[in-house]
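Novice: Supplied structure: work.txt, compact mmCIF, C-alpha atoms.
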```txt
# COMPACT_ATOMS: atom_id res chain seq x y z
CA MET A 1 -61.84 -18.28 11.79
CA SER A 2 -63.05 -21.27 13.75
CA LEU A 3 -63.13 -21.11 17.54
CA GLU A 4 -60.67 -24.01 17.66
CA LYS A 5 -58.20 -22.15 15.44
CA PHE A 6 -58.68 -18.95 17.43
CA LEU A 7 -57.98 -20.71 20.73
CA SER A 8 -54.89 -22.41 19.30
CA LYS A 9 -53.63 -19.05 18.06
CA VAL A 10 -54.25 -17.47 21.48
CA LYS A 11 -52.38 -20.37 23.12
CA VAL A 12 -49.42 -19.90 20.78
CA ASP A 13 -49.38 -16.11 21.22
CA PHE A 14 -50.07 -15.85 24.94
CA LEU A 15 -48.27 -18.84 26.46
CA PRO A 16 -44.47 -18.95 26.71
CA THR A 17 -42.75 -19.83 23.43
CA ASN A 18 -42.83 -23.57 22.93
CA ARG A 19 -41.45 -24.80 19.62
CA LYS A 20 -43.54 -27.97 19.67
CA ARG A 21 -46.78 -26.00 20.24
CA LEU A 22 -45.81 -23.55 17.51
CA GLU A 23 -45.06 -26.37 15.09
CA GLU A 24 -48.35 -28.09 15.88
CA TYR A 25 -50.30 -24.89 15.29
CA VAL A 26 -48.61 -24.14 11.96
CA GLN A 27 -48.98 -27.78 10.90
CA GLN A 28 -52.67 -27.89 11.80
CA TYR A 29 -53.83 -24.53 10.48
CA GLU A 30 -51.35 -22.58 8.34
CA LEU A 31 -49.85 -25.51 6.42
CA LYS A 32 -52.70 -28.01 6.71
CA ASP A 33 -52.56 -28.81 2.96
CA TYR A 34 -49.14 -30.41 3.48
CA PHE A 35 -50.18 -32.47 6.48
CA SER A 36 -53.72 -33.55 5.65
CA SER A 37 -54.60 -37.25 5.69
CA ASP A 38 -54.59 -37.50 1.88
CA VAL A 39 -50.88 -36.59 1.69
CA ASP A 40 -48.55 -39.58 1.45
CA PRO A 41 -47.09 -40.28 4.98
CA LYS A 42 -43.62 -40.49 3.39
CA TYR A 43 -43.95 -36.88 2.18
CA GLN A 44 -45.53 -35.82 5.47
CA GLU A 45 -42.48 -37.07 7.37
CA ASN A 46 -40.25 -35.08 5.05
CA PHE A 47 -42.42 -32.00 5.54
CA ARG A 48 -42.40 -32.50 9.33
CA LEU A 49 -38.60 -32.62 9.45
CA GLY A 50 -38.42 -29.52 7.26
CA LEU A 51 -40.91 -27.69 9.46
CA GLU A 52 -38.90 -28.60 12.56
CA ARG A 53 -35.72 -27.25 11.00
CA ILE A 54 -37.38 -24.03 9.81
CA THR A 55 -39.10 -23.50 13.20
CA ASN A 56 -35.77 -23.85 15.01
CA ASP A 57 -34.14 -21.42 12.60
CA VAL A 58 -36.85 -18.78 12.88
CA VAL A 59 -37.31 -19.07 16.66
CA GLY A 60 -33.51 -18.88 17.02
CA LYS A 61 -33.45 -15.76 14.85
CA TYR A 62 -35.90 -13.92 17.12
CA ASP A 63 -34.77 -15.46 20.40
CA SER A 64 -33.36 -12.22 21.84
CA GLU A 65 -36.63 -10.41 21.04
CA LEU A 66 -38.74 -13.02 22.80
CA ARG A 67 -37.11 -12.73 26.21
CA SER A 68 -35.27 -10.00 28.00
CA LEU A 69 -33.95 -9.72 31.56
CA ILE A 70 -35.22 -6.15 31.89
CA ARG A 71 -38.30 -6.02 29.64
CA THR A 72 -39.93 -9.21 30.93
CA PRO A 73 -39.97 -8.29 34.68
CA VAL A 74 -41.33 -4.79 33.88
CA ALA A 75 -44.07 -6.27 31.63
CA LYS A 76 -44.97 -8.94 34.18
CA GLY A 77 -45.02 -6.27 36.92
CA THR A 78 -47.50 -4.20 34.92
CA MET A 79 -49.73 -7.22 34.41
CA ALA A 80 -49.47 -8.31 38.07
CA LEU A 81 -50.33 -4.82 39.26
CA ALA A 82 -53.45 -4.74 37.06
CA VAL A 83 -54.63 -8.11 38.34
CA LEU A 84 -53.90 -7.30 42.00
CA ASN A 85 -55.71 -3.98 41.70
CA ASP A 86 -58.75 -5.72 40.17
CA LEU A 87 -58.76 -8.25 43.00
CA ALA A 88 -58.38 -5.53 45.66
CA ALA A 89 -61.20 -3.54 44.11
CA TYR A 90 -63.39 -6.67 44.09
CA VAL A 91 -62.71 -7.53 47.75
CA THR A 92 -62.59 -4.07 49.31
CA ALA A 93 -64.66 -2.17 46.73
CA THR A 94 -61.74 0.31 46.52
CA PRO A 95 -58.81 0.11 44.13
CA PHE A 96 -55.22 0.73 45.34
CA SER A 97 -54.58 4.40 45.73
CA GLY A 98 -52.24 5.89 43.13
CA VAL A 99 -52.17 2.61 41.21
CA ALA A 100 -52.97 4.27 37.91
CA LYS A 101 -49.90 6.48 38.06
CA PHE A 102 -47.67 3.60 39.07
CA GLY A 103 -49.13 1.44 36.28
CA PHE A 104 -48.46 4.13 33.73
CA ASP A 105 -44.93 4.60 35.02
CA LEU A 106 -44.35 0.91 34.48
CA PHE A 107 -45.97 1.24 31.06
CA LEU A 108 -43.58 3.99 30.08
CA GLY A 109 -40.66 2.05 31.52
CA LYS A 110 -41.63 -0.96 29.45
CA THR A 111 -41.88 1.16 26.30
CA ALA A 112 -38.42 2.54 26.96
CA THR A 113 -36.95 -0.94 27.47
CA GLU A 114 -38.49 -2.04 24.16
CA ILE A 115 -36.65 0.49 22.00
CA ALA A 116 -33.51 -1.59 21.49
CA ALA A 117 -35.50 -4.81 20.91
CA MET A 118 -37.76 -2.99 18.43
CA ARG A 119 -34.76 -1.83 16.46
CA ARG A 120 -33.34 -5.33 16.32
CA TYR A 121 -36.77 -6.71 15.36
CA THR A 122 -37.29 -4.31 12.44
CA ASN A 123 -33.72 -4.87 11.24
CA LYS A 124 -34.24 -8.63 11.20
CA SER A 125 -37.76 -8.73 9.83
CA GLY A 126 -38.24 -5.48 7.91
CA ASP A 127 -41.76 -5.63 9.31
CA TYR A 128 -42.35 -1.91 9.80
CA GLY A 129 -46.13 -2.39 9.47
CA ALA A 130 -46.34 -4.47 12.65
CA TYR A 131 -43.99 -2.03 14.39
CA GLY A 132 -46.26 0.89 13.43
CA ARG A 133 -49.39 -0.96 14.58
CA HIS A 134 -47.73 -1.84 17.89
CA LEU A 135 -46.83 1.81 18.47
CA LEU A 136 -50.33 3.01 17.50
CA LEU A 137 -52.00 0.52 19.85
CA LYS A 138 -49.92 1.86 22.71
CA VAL A 139 -52.11 4.99 22.72
CA PRO A 140 -55.44 3.27 23.58
CA ARG A 141 -53.62 0.89 25.92
CA TYR A 142 -52.08 3.85 27.71
CA LEU A 143 -55.43 5.62 27.93
CA LEU A 144 -57.32 2.61 29.30
CA PRO A 145 -56.83 2.53 33.08
CA ILE A 146 -55.55 -0.74 34.58
CA ILE A 147 -56.69 -2.97 31.72
CA GLY A 148 -54.49 -0.99 29.29
CA PRO A 149 -51.22 -1.88 30.98
CA ALA A 150 -52.47 -5.47 31.31
CA LEU A 151 -53.02 -5.61 27.53
CA GLU A 152 -49.69 -3.94 26.92
CA SER A 153 -47.94 -6.64 28.93
CA GLY A 154 -46.51 -9.12 26.44
CA ALA A 155 -47.80 -7.17 23.42
CA PHE A 156 -44.31 -6.90 21.95
CA GLU A 157 -43.63 -10.62 22.39
CA ARG A 158 -47.01 -11.46 20.81
CA MET A 159 -46.06 -9.33 17.81
CA VAL A 160 -42.76 -11.21 17.51
CA LYS A 161 -44.58 -14.56 17.79
CA ARG A 162 -46.99 -13.55 15.01
CA ARG A 163 -43.98 -12.68 12.87
CA ILE A 164 -42.40 -16.04 13.71
CA ARG A 165 -45.56 -17.91 12.62
CA LYS A 166 -45.74 -15.91 9.40
CA GLU A 167 -42.05 -16.40 8.63
CA ILE A 168 -42.19 -20.14 9.27
CA THR A 169 -45.17 -20.46 6.90
CA LEU A 170 -43.55 -18.33 4.20
CA ARG A 171 -40.17 -20.07 4.39
CA PHE A 172 -41.82 -23.49 4.35
CA ARG A 173 -43.90 -22.62 1.29
CA GLU A 174 -40.84 -21.17 -0.44
CA GLN A 175 -38.83 -24.34 0.16
CA TYR A 176 -41.50 -26.96 -0.45
CA GLY A 177 -43.60 -25.14 -3.03
CA THR A 178 -47.22 -24.11 -2.88
CA PRO A 179 -49.66 -27.05 -2.96
CA LEU A 180 -51.31 -27.69 -6.31
CA GLU A 181 -54.73 -26.70 -4.99
CA ASP A 182 -53.49 -23.23 -3.97
CA ARG A 183 -51.67 -22.79 -7.27
CA LEU A 184 -54.83 -23.72 -9.16
CA ASN A 185 -56.92 -21.32 -7.10
CA ASN A 186 -54.44 -18.51 -7.68
CA LYS A 187 -54.37 -19.25 -11.39
CA MET A 188 -58.15 -19.23 -11.61
CA ARG A 189 -58.16 -15.76 -10.05
CA GLU A 190 -56.06 -14.37 -12.92
CA SER A 191 -57.86 -12.41 -15.60
CA LEU A 192 -58.57 -13.89 -19.01
CA ARG A 193 -56.74 -10.96 -20.59
CA ASP A 194 -53.47 -12.08 -18.95
CA ASN A 195 -53.95 -15.62 -20.23
CA ALA A 196 -55.48 -15.10 -23.64
CA TYR A 197 -54.35 -14.80 -27.18
CA VAL A 198 -57.08 -12.99 -29.12
CA GLU A 199 -57.44 -14.03 -32.73
CA LYS A 200 -58.92 -11.55 -35.17
CA VAL A 201 -62.73 -11.44 -35.10
CA ALA A 202 -64.25 -13.04 -38.18
CA ALA A 203 -66.82 -11.07 -40.08
CA MET B 1 -46.31 -15.49 -32.46
CA GLU B 2 -46.85 -19.25 -32.61
CA ASP B 3 -45.30 -19.72 -29.11
CA MET B 4 -47.50 -16.99 -27.75
CA LYS B 5 -50.53 -18.83 -29.06
CA LEU B 6 -49.43 -22.16 -27.62
CA ASP B 7 -49.16 -21.13 -23.99
CA LYS B 8 -52.28 -18.98 -23.98
CA ILE B 9 -56.01 -19.61 -24.15
CA ASN B 10 -57.03 -18.88 -27.71
CA VAL B 11 -59.96 -16.53 -27.97
CA HIS B 12 -61.34 -17.78 -31.26
CA PRO B 13 -62.94 -15.44 -33.75
CA VAL B 14 -66.70 -15.67 -34.08
CA VAL B 15 -69.14 -15.20 -36.91
CA THR B 16 -71.34 -12.17 -36.45
CA CYS B 17 -74.42 -10.72 -38.07
CA SER B 18 -76.66 -7.71 -37.53
CA GLU B 19 -80.11 -8.01 -36.00
CA ASP B 20 -81.78 -7.10 -39.31
CA ASP B 21 -80.01 -9.83 -41.29
CA SER B 22 -82.30 -12.34 -42.94
CA ILE B 23 -82.42 -15.99 -41.96
CA GLU B 24 -81.11 -16.91 -45.42
CA MET B 25 -78.04 -14.72 -44.90
CA ILE B 26 -77.42 -16.19 -41.46
CA ALA B 27 -77.70 -19.74 -42.75
CA SER B 28 -75.33 -19.01 -45.61
CA LYS B 29 -72.77 -17.42 -43.24
CA LEU B 30 -72.92 -20.44 -40.95
CA ARG B 31 -72.47 -22.81 -43.90
CA GLU B 32 -69.60 -20.79 -45.34
CA LYS B 33 -67.69 -20.58 -42.01
CA GLN B 34 -68.73 -24.09 -40.94
CA GLU B 35 -69.95 -22.79 -37.59
CA ARG B 36 -72.88 -23.78 -35.40
CA ARG B 37 -73.49 -20.41 -33.77
CA ILE B 38 -73.58 -16.81 -34.91
CA PHE B 39 -73.44 -13.75 -32.69
CA VAL B 40 -75.84 -10.90 -33.33
CA VAL B 41 -74.11 -7.53 -32.87
CA ASP B 42 -74.88 -3.87 -33.49
CA ALA B 43 -72.83 -1.52 -35.67
CA HIS B 44 -70.26 -1.17 -32.84
CA LYS B 45 -69.91 -4.94 -32.38
CA LYS B 46 -71.88 -4.78 -29.13
CA LEU B 47 -73.28 -8.22 -28.36
CA LEU B 48 -77.07 -8.34 -28.70
CA GLY B 49 -77.80 -12.03 -28.98
CA ILE B 50 -76.85 -15.44 -30.29
CA ILE B 51 -78.40 -17.79 -32.84
CA THR B 52 -77.48 -21.46 -33.00
CA THR B 53 -78.30 -24.07 -35.63
CA THR B 54 -80.79 -25.49 -33.13
CA ASP B 55 -82.63 -22.15 -33.15
CA LEU B 56 -82.75 -22.30 -36.95
CA VAL B 57 -84.38 -25.72 -36.77
CA TYR B 58 -86.80 -25.02 -33.91
CA LYS B 59 -87.71 -21.41 -34.64
CA VAL B 60 -87.46 -21.23 -38.44
CA LEU B 61 -88.05 -24.64 -39.98
CA SER B 62 -91.06 -25.17 -37.77
CA LYS B 63 -92.57 -21.93 -39.15
CA CYS B 64 -91.84 -22.42 -42.86
CA SER B 65 -94.54 -20.03 -44.02
CA GLU B 66 -93.00 -17.10 -42.12
CA ALA B 67 -89.36 -18.05 -42.70
CA GLU B 68 -88.72 -15.50 -45.44
CA ARG B 69 -89.91 -12.61 -43.29
CA LEU B 70 -87.95 -13.59 -40.16
CA LYS B 71 -84.90 -11.55 -39.15
CA ALA B 72 -82.05 -12.35 -36.76
CA LYS B 73 -83.70 -10.27 -34.01
CA ASP B 74 -86.85 -12.46 -34.21
CA ILE B 75 -85.11 -15.69 -33.35
CA MET B 76 -81.98 -14.70 -31.42
CA ILE B 77 -81.47 -15.55 -27.77
CA LYS B 78 -81.13 -12.25 -25.97
CA ASN B 79 -79.20 -11.37 -22.80
CA VAL B 80 -76.36 -13.75 -23.63
CA LYS B 81 -74.13 -14.56 -20.67
CA ALA B 82 -70.59 -13.59 -21.60
CA LEU B 83 -67.25 -13.20 -19.89
CA ASP B 84 -65.59 -9.81 -19.94
CA ILE B 85 -61.95 -10.24 -20.95
CA ASN B 86 -60.89 -8.55 -17.68
CA GLU B 87 -62.78 -11.04 -15.52
CA ASP B 88 -61.04 -14.05 -14.00
CA LEU B 89 -60.84 -17.60 -15.30
CA GLU B 90 -63.01 -18.87 -12.46
CA LYS B 91 -65.86 -16.72 -13.77
CA ALA B 92 -65.44 -18.35 -17.20
CA LEU B 93 -66.01 -21.78 -15.65
CA GLU B 94 -69.02 -20.46 -13.72
CA ILE B 95 -70.59 -19.15 -16.93
CA MET B 96 -69.92 -22.41 -18.81
CA ASN B 97 -71.46 -24.31 -15.93
CA GLU B 98 -74.48 -22.03 -15.90
CA LEU B 99 -74.93 -22.28 -19.67
CA GLN B 100 -74.25 -26.05 -19.59
CA SER B 101 -71.88 -25.37 -22.46
CA PHE B 102 -68.26 -26.14 -23.26
CA THR B 103 -67.77 -22.66 -24.71
CA CYS B 104 -68.08 -19.13 -23.40
CA PRO B 105 -68.42 -15.90 -25.37
CA VAL B 106 -65.84 -13.24 -24.50
CA THR B 107 -66.62 -9.53 -24.58
CA GLU B 108 -64.82 -6.33 -23.77
CA ASN B 109 -67.11 -3.60 -22.44
CA GLY B 110 -70.02 -5.47 -24.01
CA HIS B 111 -68.39 -5.75 -27.44
CA ILE B 112 -67.80 -9.24 -28.78
CA VAL B 113 -64.14 -10.33 -28.83
CA GLY B 114 -64.45 -14.06 -29.49
CA ILE B 115 -65.13 -17.37 -27.83
CA ILE B 116 -63.11 -19.66 -25.55
CA SER B 117 -63.45 -23.38 -25.01
CA TYR B 118 -63.55 -25.36 -21.76
CA HIS B 119 -60.93 -27.77 -23.07
CA GLU B 120 -58.39 -25.02 -23.85
CA LEU B 121 -59.05 -23.22 -20.55
CA VAL B 122 -58.51 -26.33 -18.41
CA ASN B 123 -55.52 -27.41 -20.48
CA HIS B 124 -53.89 -23.97 -20.13
CA VAL B 125 -54.48 -23.86 -16.36
CA PHE B 126 -52.95 -27.29 -15.76
CA GLN B 127 -50.04 -26.64 -18.11
CA THR B 128 -49.12 -23.41 -16.35
CA VAL B 129 -49.46 -24.55 -12.72
CA LYS B 130 -47.87 -28.00 -12.88
```
Just give me the structure as structure tokens.

Specialist:
Amino acid sequence: MSLEKFLSKVKVDFLPTNRKRLEEYVQQYELKDYFSSDVDPKYQENFRLGLERITNDVVGKYDSELRSLIRTPVAKGTMALAVLNDLAAYVTATPFSGVAKFGFDLFLGKTATEIAAMRRYTNKSGDYGAYGRHLLLKVPRYLLPIIGPALESGAFERMVKRRIRKEITLRFREQYGTPLEDRLNNKMRESLRDNAYVEKVAA
Amino acid sequence: MEDMKLDKINVHPVVTCSEDDSIEMIASKLREKQERRIFVVDAHKKLLGIITTTDLVYKVLSKCSEAERLKAKDIMIKNVKALDINEDLEKALEIMNELQSFTCPVTENGHIVGIISYHELVNHVFQTVK
């Protein structure tokens, strides 16, 4: 993955959900074959409108999982506490006393507030793999002092955003078809056996 | 059966001989089947080598005095690059490119199955993806 692509992905995942930014990222990296300079501008405009429609649909579908009046303040609080503690430790050479316990309490609180959103997310997406990974990653994040809660902050939303990107790409490809180049590459990866008719061997 | 043949890459049958076959026998097989290459195989059809009409000219006609004593194994090209039938189509193109040839021998576990052509492979790929 190029650094440019990595930074764009980080921007999309870590900054607040912005449909335009999401669209630009998908257009530039995930669906670049549809928007490259050698594609007729007339088709590109059609693809752009389609992408806009699909992005709105998918973001709308996961809207309630992206923001929550309870989850967001708890997550932000965890993050803020980690940063403040780091700053205090840097200035005074001593971290806040009892901050680890408070951070973990917030961590547990956040996990509890996620349960309902998680259920909605898995019902909508069927993405139990991501759900499992998110739960597994909670263990090291819980064990890491200070930085763990900071990483945990927004982890759920980042998972939802990854799903949104994936769903936009999949839906777009389903509706507009896979580009010829991809279809050719996939075909060339098939075995000869699946594509061959074997005539009898001559003596 | 005919439909099945049309939308698939035909693996054409090949002419084979054993490594102890005489040059005369090889030449007569090639003439009879109107082929330009013959595959040298063992008793289990395992591919050992290939002889083309060019080999007959360069390696046999140029040594007329020894021609009667020569066997397939004396003039065959050994270690023939071939595509296993379970390998992908991309590999077939790689082999053709490497051999600078428009055909590619096909084997299954080292045993000769037939031969495919570049034209049929490309035609099949474009027909099925368009």

Novice: List every protein, DNA or RNA residue that has an atom no more than 12 Å from (-89.4, -14.0, -38.9) in the file's coordinate frame, counting only C-alpha atoms, and report them as a PyMOL selection string.

Specialist: chain B and resi 19-24+56+59-76

Novice: Kindly save the residues from that selection, with C-alpha atoms included, as an mmCIF file, keeping the file's coordinate frame.

Specialist:
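So the final result, stored in part_3.cif, reads:
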```cif
data_model
loop_
_atom_site.group_PDB
_atom_site.id
_atom_site.type_symbol
_atom_site.label_atom_id
_atom_site.label_comp_id
_atom_site.auth_asym_id
_atom_site.auth_seq_id
_atom_site.Cartn_x
_atom_site.Cartn_y
_atom_site.Cartn_z
ATOM 1 C CA GLU B 19 -80.110 -8.010 -36.000
ATOM 2 C CA ASP B 20 -81.780 -7.100 -39.310
ATOM 3 C CA ASP B 21 -80.010 -9.830 -41.290
ATOM 4 C CA SER B 22 -82.300 -12.340 -42.940
ATOM 5 C CA ILE B 23 -82.420 -15.990 -41.960
ATOM 6 C CA GLU B 24 -81.110 -16.910 -45.420
ATOM 7 C CA LEU B 56 -82.750 -22.300 -36.950
ATOM 8 C CA LYS B 59 -87.710 -21.410 -34.640
ATOM 9 C CA VAL B 60 -87.460 -21.230 -38.440
ATOM 10 C CA LEU B 61 -88.050 -24.640 -39.980
ATOM 11 C CA SER B 62 -91.060 -25.170 -37.770
ATOM 12 C CA LYS B 63 -92.570 -21.930 -39.150
ATOM 13 C CA CYS B 64 -91.840 -22.420 -42.860
ATOM 14 C CA SER B 65 -94.540 -20.030 -44.020
ATOM 15 C CA GLU B 66 -93.000 -17.100 -42.120
ATOM 16 C CA ALA B 67 -89.360 -18.050 -42.700
ATOM 17 C CA GLU B 68 -88.720 -15.500 -45.440
ATOM 18 C CA ARG B 69 -89.910 -12.610 -43.290
ATOM 19 C CA LEU B 70 -87.950 -13.590 -40.160
ATOM 20 C CA LYS B 71 -84.900 -11.550 -39.150
ATOM 21 C CA ALA B 72 -82.050 -12.350 -36.760
ATOM 22 C CA LYS B 73 -83.700 -10.270 -34.010
ATOM 23 C CA ASP B 74 -86.850 -12.460 -34.210
ATOM 24 C CA ILE B 75 -85.110 -15.690 -33.350
ATOM 25 C CA MET B 76 -81.980 -14.700 -31.420
#
```

Novice: Taking (-73.0, -24.2, -35.2) in the coordinates of the supplied file, I want to know which residues reach to within 8 Å of it, counting only C-alpha atoms; could you give the answer as a list in words?

Specialist: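 Using only C-alpha atoms, the matching residues come out as Leu30, Gln34, Glu35, Arg36, Arg37, Ile38, Thr52 and Thr53 of chain B.
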
Novice: The selected residues should be written to file as a PDB file, in the frame of the given file (atoms: C-alpha atoms).

Specialist:
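Written out: again-v1.pdb:
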```pdb
ATOM      1  CA  LEU B  30     -72.920 -20.440 -40.950  1.00  0.00           C
ATOM      2  CA  GLN B  34     -68.730 -24.090 -40.940  1.00  0.00           C
ATOM      3  CA  GLU B  35     -69.950 -22.790 -37.590  1.00  0.00           C
ATOM      4  CA  ARG B  36     -72.880 -23.780 -35.400  1.00  0.00           C
ATOM      5  CA  ARG B  37     -73.490 -20.410 -33.770  1.00  0.00           C
ATOM      6  CA  ILE B  38     -73.580 -16.810 -34.910  1.00  0.00           C
ATOM      7  CA  THR B  52     -77.480 -21.460 -33.000  1.00  0.00           C
ATOM      8  CA  THR B  53     -78.300 -24.070 -35.630  1.00  0.00           C
TER       9      THR B  53
END
```

Novice: Which residues of chain A come within 9 Å of chain B, and what is each one's closest atom pair and distance in Å (one decimal), counting all atoms listed in the file, sorted by chain and residue number, as a Markdown table?

Specialist:
```
| residue | atom | partner | partner_atom | distance |
| --- | --- | --- | --- | --- |
| A:Leu180 | CA | B:Val129 | CA | 7.4 |
| A:Arg183 | CA | B:Val129 | CA | 6.1 |
| A:Leu184 | CA | B:Val129 | CA | 6.5 |
| A:Asn185 | CA | B:Glu90 | CA | 8.5 |
| A:Lys187 | CA | B:Val125 | CA | 6.8 |
| A:Met188 | CA | B:Leu89 | CA | 4.8 |
| A:Arg189 | CA | B:Asp88 | CA | 5.2 |
| A:Glu190 | CA | B:Asp88 | CA | 5.1 |
| A:Ser191 | CA | B:Asp88 | CA | 3.9 |
| A:Leu192 | CA | B:Ile85 | CA | 5.3 |
| A:Arg193 | CA | B:Ile85 | CA | 5.3 |
| A:Asp194 | CA | B:Asn86 | CA | 8.3 |
| A:Asn195 | CA | B:Lys8 | CA | 5.3 |
| A:Ala196 | CA | B:Ile9 | CA | 4.6 |
| A:Tyr197 | CA | B:Asn10 | CA | 4.9 |
| A:Val198 | CA | B:Val11 | CA | 4.7 |
| A:Glu199 | CA | B:His12 | CA | 5.6 |
| A:Lys200 | CA | B:Pro13 | CA | 5.8 |
| A:Val201 | CA | B:Pro13 | CA | 4.2 |
| A:Ala202 | CA | B:Pro13 | CA | 5.2 |
| A:Ala203 | CA | B:Val15 | CA | 5.7 |
```

Novice: Residues within 12 Å of A:Ile168, please, as an MDAnalysis selection string. Count only C-alpha atoms; anything in the same chain fewer than 6 positions from it doesn't count.

Specialist: chainID A and resid 19 22:23 25:27 30:31 50:62 161:162 174:176

Novice: Using atom CA of B:Tyr118 and atom CA of B:Ile51 as the two end points, give the distance in Å to one decimal.

Specialist: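 Taking atom CA of B:Tyr118 and atom CA of B:Ile51, their separation equals 20.0 Å.
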
Novice: If you measure from atom CA of B:Leu47 to atom CA of B:Phe102, what distance in Å do you get, rounded to one decimal?

Specialist: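 Those two atoms sit 19.3 Å apart.
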